[in-house]
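Below: one structure, written as structure tokens.
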Amino acid sequence: MKKIKRSQRMVDLTHILLTHPHQLFSLPYFVEKYDVAKSSLSEDLAIMNEQFHRSGIGRVETTTGASGGLQFIPAMPLEQAQATVETLCEKLTDNERILPGGYFYLTDVLSDPQWLRELGTIIASIYQEAEVTAIMTIATKGIALASAVAANLNVPFVTVQRDIDQTEGSTVSVNYVSGHSPNETVQKMLLTKNSLPRGSRVLLVDDFMNSGGTLTGMLGLIQEFDSTCVGGIVLGELADDKEEITFPYQSLVVIEKTPDNHSVSAVRPGSLFYMNETPAN
């Protein structure tokens, strides 16, 4: 194989790292792949890491030792994350988004690849040190956002169902309360037994939180699998108090409605930006 130029090598190396976030590669693998000295490869990685930092897309982490290793960690700077969410808040300040039942229309955001990439990176930046091994969401609207977060963290995601799917095999189910009093209803959610390994560290991801019943139900499922919930994150939530939530959760945006429940009074950045953990600077 003909030895490639340094510029070609760096383009190829950048592509591999960007498309395989949080995957550890051995340094000798790239030394052999590009037929290059380890010192030259280290120089390449230093240049890439500096540019990644300047561009606000993440960093290259290297490990020392006999073999050595490297991985790309996606991370959005705090200022950029805040600006992105503020732009989202402006987009969502629209009374036409209020739906019957107190829900909020977010489908256009959740179907936009650019928004999903940016929001997935923001969430992954927050939870990159939480040792997440699985993402959990519920069918159907949260799937796209959960997939974006899972891709950034390089972990699988599992989808909780509300109805039995005979093609998925045996399931574990829990009951949960949906809606606000006096319109509360008891519903059931199910998860295939083989979809979540015991002892997983799970991040809950959902599109919208009204009363908090869905997140509470998913937390119950995690416990049924002898696993740990490392956090919960929703794209949007109402500003009302949610007494049902008994564990820390975060939101990207908070929607405030007028007392008559027919208009949006404000949309502001959510609690995600007031955590101790913040996107990388």
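Residues are referred to by chain and number: the chain letter is A, B, ... according to the order shown in the structure tokens, the number counts from 1 in that chain, and ligands are numbered separately from 1 in the order shown.
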
Excluding region 103-109 of chain A and residues on its chain fewer than 4 positions from it, collect all residues at most 9 Å away from it, counting only C-alpha atoms, and give them as a ChimeraX atom specification. /A:88,92,96-99,113-116,141,207-210,235-238,255

Between region 161-237 of chain A and region 122-131 of chain A, at 10 Å or less, what are the per-residue closest atom pairs and their distances in Å? Count only C-alpha atoms, order by chain and rising residue number, and return it as a tab-separated table.
```
residue	atom	partner	partner_atom	distance
A:Ser200	CA	A:Glu131	CA	9.7
A:Arg201	CA	A:Glu131	CA	7.0
A:Val202	CA	A:Glu131	CA	9.0
A:Leu203	CA	A:Tyr127	CA	8.5
A:Val205	CA	A:Ile123	CA	9.4
A:Val230	CA	A:Ala130	CA	6.7
A:Gly231	CA	A:Tyr127	CA	8.4
A:Ile233	CA	A:Ile123	CA	7.9
A:Val234	CA	A:Ile123	CA	9.7
A:Leu235	CA	A:Ile123	CA	9.7
```

Could you name the residues that touch Lys193 (chain A) at 7 Å or less, counting only C-alpha atoms, but leaving out those on the same chain fewer than 5 positions away, as a tab-separated table (two decimals) with all heavy atoms, in the first residue's frame?
```
chain	number	residue	atom	x	y	z
A	170	SER	N	-40.53	-12.05	25.86
A	170	SER	CA	-41.10	-11.76	27.18
A	170	SER	C	-40.68	-10.38	27.66
A	170	SER	O	-39.61	-9.87	27.29
A	170	SER	CB	-40.65	-12.83	28.18
A	170	SER	OG	-39.24	-12.89	28.27
A	171	THR	N	-41.54	-9.76	28.49
A	171	THR	CA	-41.30	-8.39	28.92
A	171	THR	C	-41.44	-8.25	30.44
A	171	THR	O	-42.00	-9.11	31.12
A	171	THR	CB	-42.31	-7.43	28.25
A	171	THR	OG1	-43.64	-7.81	28.63
A	171	THR	CG2	-42.17	-7.45	26.74
A	172	VAL	N	-40.93	-7.15	30.94
A	172	VAL	CA	-41.15	-6.72	32.32
A	172	VAL	C	-42.03	-5.48	32.26
A	172	VAL	O	-41.80	-4.59	31.42
A	172	VAL	CB	-39.82	-6.40	33.03
A	172	VAL	CG1	-40.07	-5.83	34.42
A	172	VAL	CG2	-38.94	-7.63	33.10
```

For Ile143 (chain A): contacts at 10 Å, only C-alpha atoms, fewer than 4 positions along chain excluded, given as a PyMOL selection string: chain A and resi 110+136-139+147-149+157-160+205-207

For the residues selected in the previous step, produce a file with C-alpha atoms as a PDB file, in the first residue's frame.
```pdb
ATOM      1  CA  LEU A 110     -37.342  16.380  16.994  1.00  0.00           C
ATOM      2  CA  MET A 136     -33.760   4.694  27.934  1.00  0.00           C
ATOM      3  CA  THR A 137     -36.731   6.424  26.334  1.00  0.00           C
ATOM      4  CA  ILE A 138     -40.390   5.664  25.741  1.00  0.00           C
ATOM      5  CA  ALA A 139     -42.082   5.249  22.380  1.00  0.00           C
ATOM      6  CA  SER A 147     -30.759   8.095  19.521  1.00  0.00           C
ATOM      7  CA  ALA A 148     -28.805  11.356  19.127  1.00  0.00           C
ATOM      8  CA  VAL A 149     -27.596  11.206  22.739  1.00  0.00           C
ATOM      9  CA  PHE A 157     -30.548   2.903  23.737  1.00  0.00           C
ATOM     10  CA  VAL A 158     -33.646   0.942  24.695  1.00  0.00           C
ATOM     11  CA  THR A 159     -37.242   1.891  23.968  1.00  0.00           C
ATOM     12  CA  VAL A 160     -40.010   1.299  26.497  1.00  0.00           C
ATOM     13  CA  VAL A 205     -34.281  10.767  27.863  1.00  0.00           C
ATOM     14  CA  ASP A 206     -37.733  12.029  26.880  1.00  0.00           C
ATOM     15  CA  ASP A 207     -39.173  14.750  24.695  1.00  0.00           C
TER      16      ASP A 207
END
```

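The smallest atom-to-atom distance between Leu221 (chain A) and any of A:Val186, A:Val31, A:Leu119, A:Val174, using only C-alpha atoms, is found for A:Val174.
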
If you run DSSP over the backbone, which residues in region 119-247 of chain A end up alpha helix (DSSP H)? Put them as an MDAnalysis selection string. chainID A and resid 119:126 143:153 213:224

For the residues in the current selection, export C-alpha atoms as a compact mmCIF listing (two decimals), in the first residue's frame.
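again28.txt was written with the following content:
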```txt
# COMPACT_ATOMS: atom_id res chain seq x y z
CA LEU A 119 -29.14 18.85 21.36
CA GLY A 120 -27.63 15.36 21.45
CA THR A 121 -24.16 16.87 21.86
CA ILE A 122 -25.31 19.21 24.63
CA ILE A 123 -26.84 16.38 26.65
CA ALA A 124 -23.88 14.07 26.04
CA SER A 125 -21.53 16.85 27.19
CA ILE A 126 -23.36 17.06 30.51
CA ILE A 143 -36.72 8.10 20.23
CA ALA A 144 -34.96 10.53 17.90
CA LEU A 145 -33.47 12.57 20.76
CA ALA A 146 -32.46 9.41 22.65
CA SER A 147 -30.76 8.09 19.52
CA ALA A 148 -28.81 11.36 19.13
CA VAL A 149 -27.60 11.21 22.74
CA ALA A 150 -26.71 7.51 22.43
CA ALA A 151 -24.69 8.18 19.27
CA ASN A 152 -22.68 10.90 21.04
CA LEU A 153 -22.00 8.71 24.07
CA GLY A 213 -45.45 10.13 35.44
CA THR A 214 -43.56 8.74 32.45
CA LEU A 215 -40.12 9.36 33.94
CA THR A 216 -41.26 7.87 37.24
CA GLY A 217 -42.51 4.78 35.43
CA MET A 218 -39.22 4.33 33.57
CA LEU A 219 -37.36 4.68 36.85
CA GLY A 220 -39.45 1.78 38.17
CA LEU A 221 -38.45 -0.32 35.17
CA ILE A 222 -34.77 0.43 35.76
CA GLN A 223 -35.12 -0.82 39.31
CA GLU A 224 -36.80 -4.01 38.05
```

So that I can see what lies close to region 47-51 of chain A, please list as number ranges by chain the residues with an atom at most 8 Å from it, counting only C-alpha atoms and leaving out residues fewer than 4 positions away in the same chain. A: 14, 43, 55, 59-60

CA of Thr84 (chain A) to CA of Leu13 (chain A): how many Å, to one decimal? 28.3 Å

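Atom pair CA of Asp163 (chain A) / CA of Thr192 (chain A): separated by 11.3 Å.
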
Just want the 10 Å neighbourhood of region 16-23 of chain A, counted on only C-alpha atoms, with same-chain residues fewer than 3 positions away dropped. Output as a ChimeraX atom specification. /A:10-13,26,57-58,60-61,69-74,128,151-155

Pairwise distance for CA of Cys89 (chain A) and CA of Val177 (chain A), rounded to one decimal in Å: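 Atom-to-atom, CA of Cys89 (chain A) to CA of Val177 (chain A), that is 29.0 Å.
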
From the DSSP assignment of the backbone, select every residue of region 76-268 of chain A that is strand (DSSP E or B), and format the answer as JSON, numbers by chain. {"A": [98, 104, 134, 135, 136, 137, 138, 157, 158, 159, 160, 161, 171, 172, 173, 174, 175, 176, 177, 178, 185, 186, 187, 188, 189, 190, 191, 192, 201, 202, 203, 204, 205, 206, 207, 208, 209, 228, 229, 230, 231, 232, 233, 234, 235, 236, 237, 238, 250, 251, 252, 253, 254, 255, 256, 257, 264, 265, 266, 267, 268]}
